[in-house]
Amino acid sequence: MSRLQAEHLYKVFGRRPDEAVRRLESGADRDELRADGTTAAVIDASFTVDPGQIFVVMGLSGSGKSTLLRMLNGLLEPTAGRVLFDGQDLTALSPRELRAVRSRKISMVFQHFALFPHRSVLDNAAYGLEVQGVPRAEREQRATEALALAGLAGWEQSWPDELSGGMQQRVGLARALATDADLLLMDESFSALDPLIRRDMQDQLLELQKTLKKTIVFITHDLNEAMRLGDRIAVMRDGRIVQLGTAEDILVTPANDYVASFTQDVDRTRVLTAGAIMADPESAYPSAGDGGKELRTPEDVIAAAPAVVKADTPIAELFTPCSTSGVAVAVTCERGELIGVVPRARLLAVLGEPMKPSDGADAADATPTADAKALRKDAAEAVAGA
Ligand SMILES: Nc1ncnc2c1ncn2[C@@H]1O[C@H](COP(=O)(O)OP(=O)(O)O)[C@@H](O)[C@H]1O
Ligand SMILES: [Mg+2]
C-alpha cells in the first residue's frame, strides 16, 4: 500500500474557490483566474508515495510546491481532492484527530536547522522526541543513534558552537530524522546552505535514509538536488504537475519542451545509468568481438566486453571502457546474467542527441518561456556551484 496519496488536489486562494475549481476542471488556466483576483496555487495534483521513498517536488518559485506540501499534512485544507495517509483520509478527520496524526506521524522540516545554543548536541538532537513526550532514556538512546548515523558519534556532550557549521546542520538533520514520525515533509530544507555544505547534507540524508527508511516528501527548486535525492520527482509548473517520474525519465523522455529546456544543463553522465540506455542483449550477437572472434551467446558477450557493469552504474563510468574497445559494455543482473549491452555508438548518441519531447506533448508548451529560461539558469548555477 502507498503511504501517501494525493487525489486530484486543488488549492485556490481568493473569492469563490469552488467555482474556480469547476472552471479549472473544464480547462481554464491560472492566468484566466488571476484576472479575477483568484490564485490557483495547486491544480489537480495526483500522485502516490510508497513507504521508504524520497518523493521530490521540483519547480520554480510560485509554482505551488509549499501549498501542496501544506495540504499533505493537513495544515491547509484542499479546495477539492483528498489526501490519504496510510489509507486514512486526512481531509475527513476532525481537527483533534488531525492534530494527533500530525504530532506523532508527520514531521515538517523547515529551512533552518537552528540549534539551541545552551543545550548539548545530544539534547538538541533529542528535542523533537522531547516535544513528542518520549521518556528521557529512550529519547537519548535514539538521539545518540541518529547522531552516530550522521557521523557525529563522540560529540554528544559538546555545545553547538564547538561544532563547524556543517556539523551543526547535521545535528539539525539528526534531530529531524530521530523523531517517531515516519513521514517527513521537507520544504527547501537545504536551499539556504552554501553549496559544499548542501552537498554534504544531501549525502547525509541519503545515508541516514538507508537505515531509517522514512517516507520523505522533499521540495526543492534545484533540479540537480531533485535528481540526486528523488526516487521519484514531480515537476510543477504554474500549479500543475507537468511530469512525474524518475530522474532518468525526466532526462530521457521529458514530457514537453518546458521540462526538456531546463534539463539540458544537467550532468547526464552522473544521472543516467547503464540500465537506462542499454540495448537488448540480443542486439550483441552474432557480432564480431576483438580479434574477429564471433560472439554468439550471452557468455561470449560478457567474456569479450571491456567492462561488465550493473544496471545502476552511472554512464560516466562507461567512457573509459568504451574508448578502449569496439566491443559493447555488458550489463548484468545480480545473478551475473546478461541483461543488456551498451555499444559505444549508443553511449555517444545519448550525450549528443538534442532532447525531444515525448509524444503527446502539449502544443502550448512548444516554446520555452521566460520561466523555463529562469529555471535553466537556476540549474546552470547549481551545477556551477556543486
Ligand atoms: N495564503 C495565500 N494566499 C494567497 N495566495 C497564496 C497563499 N499562499 C500561496 N499563495 C500563492 O500561491 C502560489 C503558489 O505559492 P507557493 O505554494 O508558496 O509556491 P512555491 O512554494 O512553489 O514557491 C503563489 O502565486 C503564491 O503567491
Ligand atoms: Mg515554497
# chains A, B, ... in the order shown; residues from 1 in each chain; ligands from 1
>>> residues_near_ligand(ligand="ligand 1", cutoff="10 Å", atoms="only C-alpha atoms and all ligand atoms", output="short mmCIF file (atom, residue, chain, number, x, y, z; two decimals) with N, CA, C and O atoms, in the first residue's frame")
data_model
loop_
_atom_site.label_atom_id
_atom_site.label_comp_id
_atom_site.auth_asym_id
_atom_site.auth_seq_id
_atom_site.Cartn_x
_atom_site.Cartn_y
_atom_site.Cartn_z
N LYS A 11 -5.91 23.72 -4.69
CA LYS A 11 -5.99 24.78 -3.69
C LYS A 11 -6.11 26.11 -4.39
O LYS A 11 -5.23 26.50 -5.18
N VAL A 12 -7.21 26.77 -4.14
CA VAL A 12 -7.47 28.07 -4.75
C VAL A 12 -7.59 29.10 -3.63
O VAL A 12 -8.32 28.89 -2.67
N PHE A 13 -6.83 30.18 -3.75
CA PHE A 13 -6.95 31.30 -2.81
C PHE A 13 -7.78 32.39 -3.46
O PHE A 13 -7.64 32.64 -4.65
N GLY A 14 -8.61 33.04 -2.67
CA GLY A 14 -9.37 34.16 -3.21
C GLY A 14 -10.86 33.88 -3.21
O GLY A 14 -11.33 32.97 -2.52
N ARG A 30 -4.40 29.19 -15.05
CA ARG A 30 -4.13 30.04 -13.90
C ARG A 30 -4.30 31.53 -14.22
O ARG A 30 -4.84 32.28 -13.42
N ARG A 34 -6.48 34.48 -12.47
CA ARG A 34 -5.76 35.58 -11.82
C ARG A 34 -6.37 36.92 -12.19
O ARG A 34 -6.42 37.84 -11.38
N GLY A 37 -8.64 38.00 -9.75
CA GLY A 37 -8.14 38.13 -8.38
C GLY A 37 -8.13 36.81 -7.61
O GLY A 37 -8.13 36.79 -6.39
N THR A 38 -8.13 35.70 -8.32
CA THR A 38 -8.14 34.39 -7.68
C THR A 38 -6.82 33.68 -8.01
O THR A 38 -6.40 33.71 -9.16
N THR A 39 -6.18 33.07 -7.01
CA THR A 39 -4.93 32.36 -7.28
C THR A 39 -5.15 30.86 -7.20
O THR A 39 -5.53 30.33 -6.16
N ALA A 40 -4.91 30.18 -8.31
CA ALA A 40 -4.96 28.72 -8.31
C ALA A 40 -3.54 28.26 -7.99
O ALA A 40 -2.69 28.20 -8.86
N ALA A 41 -3.30 27.95 -6.72
CA ALA A 41 -1.93 27.61 -6.30
C ALA A 41 -1.58 26.18 -6.67
O ALA A 41 -0.45 25.89 -7.06
N VAL A 42 -2.54 25.27 -6.52
CA VAL A 42 -2.32 23.87 -6.89
C VAL A 42 -3.51 23.41 -7.70
O VAL A 42 -4.67 23.62 -7.31
N VAL A 57 9.36 17.20 -5.01
CA VAL A 57 8.53 18.12 -5.79
C VAL A 57 9.43 19.28 -6.20
O VAL A 57 10.00 19.95 -5.35
N MET A 58 9.58 19.44 -7.52
CA MET A 58 10.52 20.43 -8.03
C MET A 58 9.79 21.44 -8.90
O MET A 58 8.92 21.07 -9.68
N GLY A 59 10.12 22.71 -8.74
CA GLY A 59 9.52 23.72 -9.60
C GLY A 59 10.03 25.09 -9.21
O GLY A 59 10.64 25.26 -8.15
N LEU A 60 9.79 26.05 -10.09
CA LEU A 60 10.21 27.42 -9.81
C LEU A 60 9.43 27.98 -8.63
O LEU A 60 8.37 27.48 -8.28
N SER A 61 9.95 29.05 -8.10
CA SER A 61 9.24 29.77 -7.05
C SER A 61 7.85 30.18 -7.55
O SER A 61 7.70 30.63 -8.69
N GLY A 62 6.84 29.95 -6.73
CA GLY A 62 5.48 30.31 -7.10
C GLY A 62 4.73 29.22 -7.83
O GLY A 62 3.56 29.37 -8.18
N SER A 63 5.39 28.06 -8.06
CA SER A 63 4.71 27.01 -8.82
C SER A 63 3.73 26.20 -7.97
O SER A 63 3.01 25.36 -8.51
N GLY A 64 3.72 26.42 -6.66
CA GLY A 64 2.71 25.76 -5.82
C GLY A 64 3.24 24.69 -4.90
O GLY A 64 2.46 23.97 -4.27
N LYS A 65 4.56 24.56 -4.79
CA LYS A 65 5.16 23.47 -4.02
C LYS A 65 4.80 23.53 -2.53
O LYS A 65 4.37 22.54 -1.96
N SER A 66 4.99 24.70 -1.93
CA SER A 66 4.73 24.80 -0.49
C SER A 66 3.25 24.60 -0.18
O SER A 66 2.90 23.97 0.82
N THR A 67 2.41 25.12 -1.03
CA THR A 67 0.97 24.95 -0.83
C THR A 67 0.61 23.46 -0.88
O THR A 67 -0.14 22.96 -0.04
N LEU A 68 1.18 22.76 -1.84
CA LEU A 68 0.94 21.32 -1.95
C LEU A 68 1.40 20.61 -0.68
O LEU A 68 0.67 19.80 -0.11
N LEU A 69 2.59 20.95 -0.22
CA LEU A 69 3.14 20.28 0.97
C LEU A 69 2.26 20.52 2.19
O LEU A 69 2.03 19.61 2.99
N ARG A 70 1.74 21.74 2.32
CA ARG A 70 0.93 22.05 3.49
C ARG A 70 -0.43 21.37 3.44
O ARG A 70 -1.05 21.15 4.48
N LEU A 76 -3.18 23.00 5.52
CA LEU A 76 -4.10 23.71 4.63
C LEU A 76 -5.16 22.73 4.17
O LEU A 76 -4.83 21.59 3.81
N ASP A 187 10.67 21.25 3.25
CA ASP A 187 10.40 22.34 2.31
C ASP A 187 11.66 23.17 2.10
O ASP A 187 12.02 23.99 2.93
N GLU A 188 12.34 22.95 0.99
CA GLU A 188 13.56 23.69 0.64
C GLU A 188 14.55 23.64 1.80
O GLU A 188 15.23 24.64 2.08
N ILE A 219 10.95 19.14 -1.03
CA ILE A 219 10.69 20.20 -2.00
C ILE A 219 11.97 20.94 -2.34
O ILE A 219 12.78 21.23 -1.46
N THR A 220 12.15 21.21 -3.60
CA THR A 220 13.33 21.99 -3.99
C THR A 220 13.04 22.73 -5.30
O THR A 220 12.18 22.32 -6.07
N HIS A 221 13.77 23.82 -5.52
CA HIS A 221 13.69 24.46 -6.83
C HIS A 221 14.94 24.11 -7.64
O HIS A 221 15.12 24.62 -8.74
N MET A 236 6.66 20.66 -11.13
CA MET A 236 5.47 21.53 -11.11
C MET A 236 5.71 22.79 -11.92
O MET A 236 6.81 23.35 -11.94
N ARG A 237 4.65 23.21 -12.58
CA ARG A 237 4.70 24.48 -13.30
C ARG A 237 3.33 25.13 -13.18
O ARG A 237 2.31 24.50 -13.50
N ASP A 238 3.31 26.35 -12.71
CA ASP A 238 2.06 27.11 -12.60
C ASP A 238 0.94 26.30 -11.92
O ASP A 238 -0.21 26.32 -12.37
N GLY A 239 1.28 25.60 -10.85
CA GLY A 239 0.25 24.91 -10.08
C GLY A 239 -0.02 23.49 -10.51
O GLY A 239 -0.67 22.74 -9.78
#
>>> residues_around(residues="range 125-135 of chain A", least_positions_apart="2", cutoff="10 Å", atoms="only C-alpha atoms", output="number ranges by chain")
A: 103-104, 107, 115-116, 119-123, 137-147, 156, 170-181
>>> atom_distance(atom1="CA of Leu24 in chain A", atom2="CA of Ile43 in chain A")
7.5 Å
>>> residues_around(residues="Ala316 in chain A", least_positions_apart="6", cutoff="9 Å", atoms="only C-alpha atoms", output="PyMOL selection string")
chain A and resi 268-273
>>> residues_around(residues="Ser287 in chain A", least_positions_apart="2", cutoff="12 Å", atoms="only C-alpha atoms", output="ChimeraX atom specification")
/A:281-285,289-298,300-301,304,326-328,343
>>> select_by_dssp(residues="range 48-287 of chain A", states="strand (DSSP E)", output="JSON, numbers by chain")
{"A": [48, 49, 54, 55, 56, 57, 58, 59, 80, 81, 82, 83, 84, 85, 88, 89, 106, 107, 108, 109, 183, 184, 185, 186, 187, 215, 216, 217, 218, 219, 220, 232, 233, 234, 235, 236, 237, 240, 241, 242, 243, 244, 245, 287]}
>>> closest_residue(among="A:Glu225, A:Leu205, A:Ala279, A:Ser189", to="ligand 2", atoms="only C-alpha atoms and all ligand atoms")
A:Ser189
>>> select_by_dssp(residues="range 26-258 of chain A", states="alpha helix (DSSP H)", output="PyMOL selection string")
chain A and resi 30-34+65-72+95-104+121-125+127-131+136-149+165-178+195-212+223-229+247-252+257-258
>>> closest_residue(among="A:Leu244, A:Met186, A:Gly74, A:Leu98", to="ligand 2", atoms="only C-alpha atoms and all ligand atoms")
A:Met186
>>> closest_residue(among="A:Leu183, A:Ser191, A:Pro160, A:Val252", to="ligand 2", atoms="only C-alpha atoms and all ligand atoms")
A:Ser191
>>> atom_distance(atom1="CA of Ser46 in chain A", atom2="CA of Val235 in chain A")
12.2 Å
>>> residues_around(residues="Thr48 in chain A", least_positions_apart="4", cutoff="12 Å", atoms="only C-alpha atoms", output="list in words")
Met1, Ser2, Arg3, Leu4, Gln5, Ala6, Glu7, His8, Gln53, Ile54, Phe55, Val56, Leu72, Arg82, Val83, Leu84, Phe85, Asp86, Gly87, Thr215, Ile216, Val217, Arg232, Ile233, Ala234, Leu244 and Gly245 of chain A
>>> closest_residue(among="A:Val21, A:Gln157, A:Lys214, A:Gly166", to="Ile197 in chain A", atoms="only C-alpha atoms")
A:Gly166
>>> atom_distance(atom1="CA of Ala274 in chain A", atom2="CA of Gln204 in chain A")
25.2 Å
>>> closest_residue(among="A:Lys105, A:Arg228, A:Lys310, A:Arg16", to="Met201 in chain A", atoms="only C-alpha atoms")
A:Arg228
>>> closest_residue(among="A:Trp159, A:Arg22, A:Phe218, A:Glu97", to="ligand 2", atoms="only C-alpha atoms and all ligand atoms")
A:Phe218
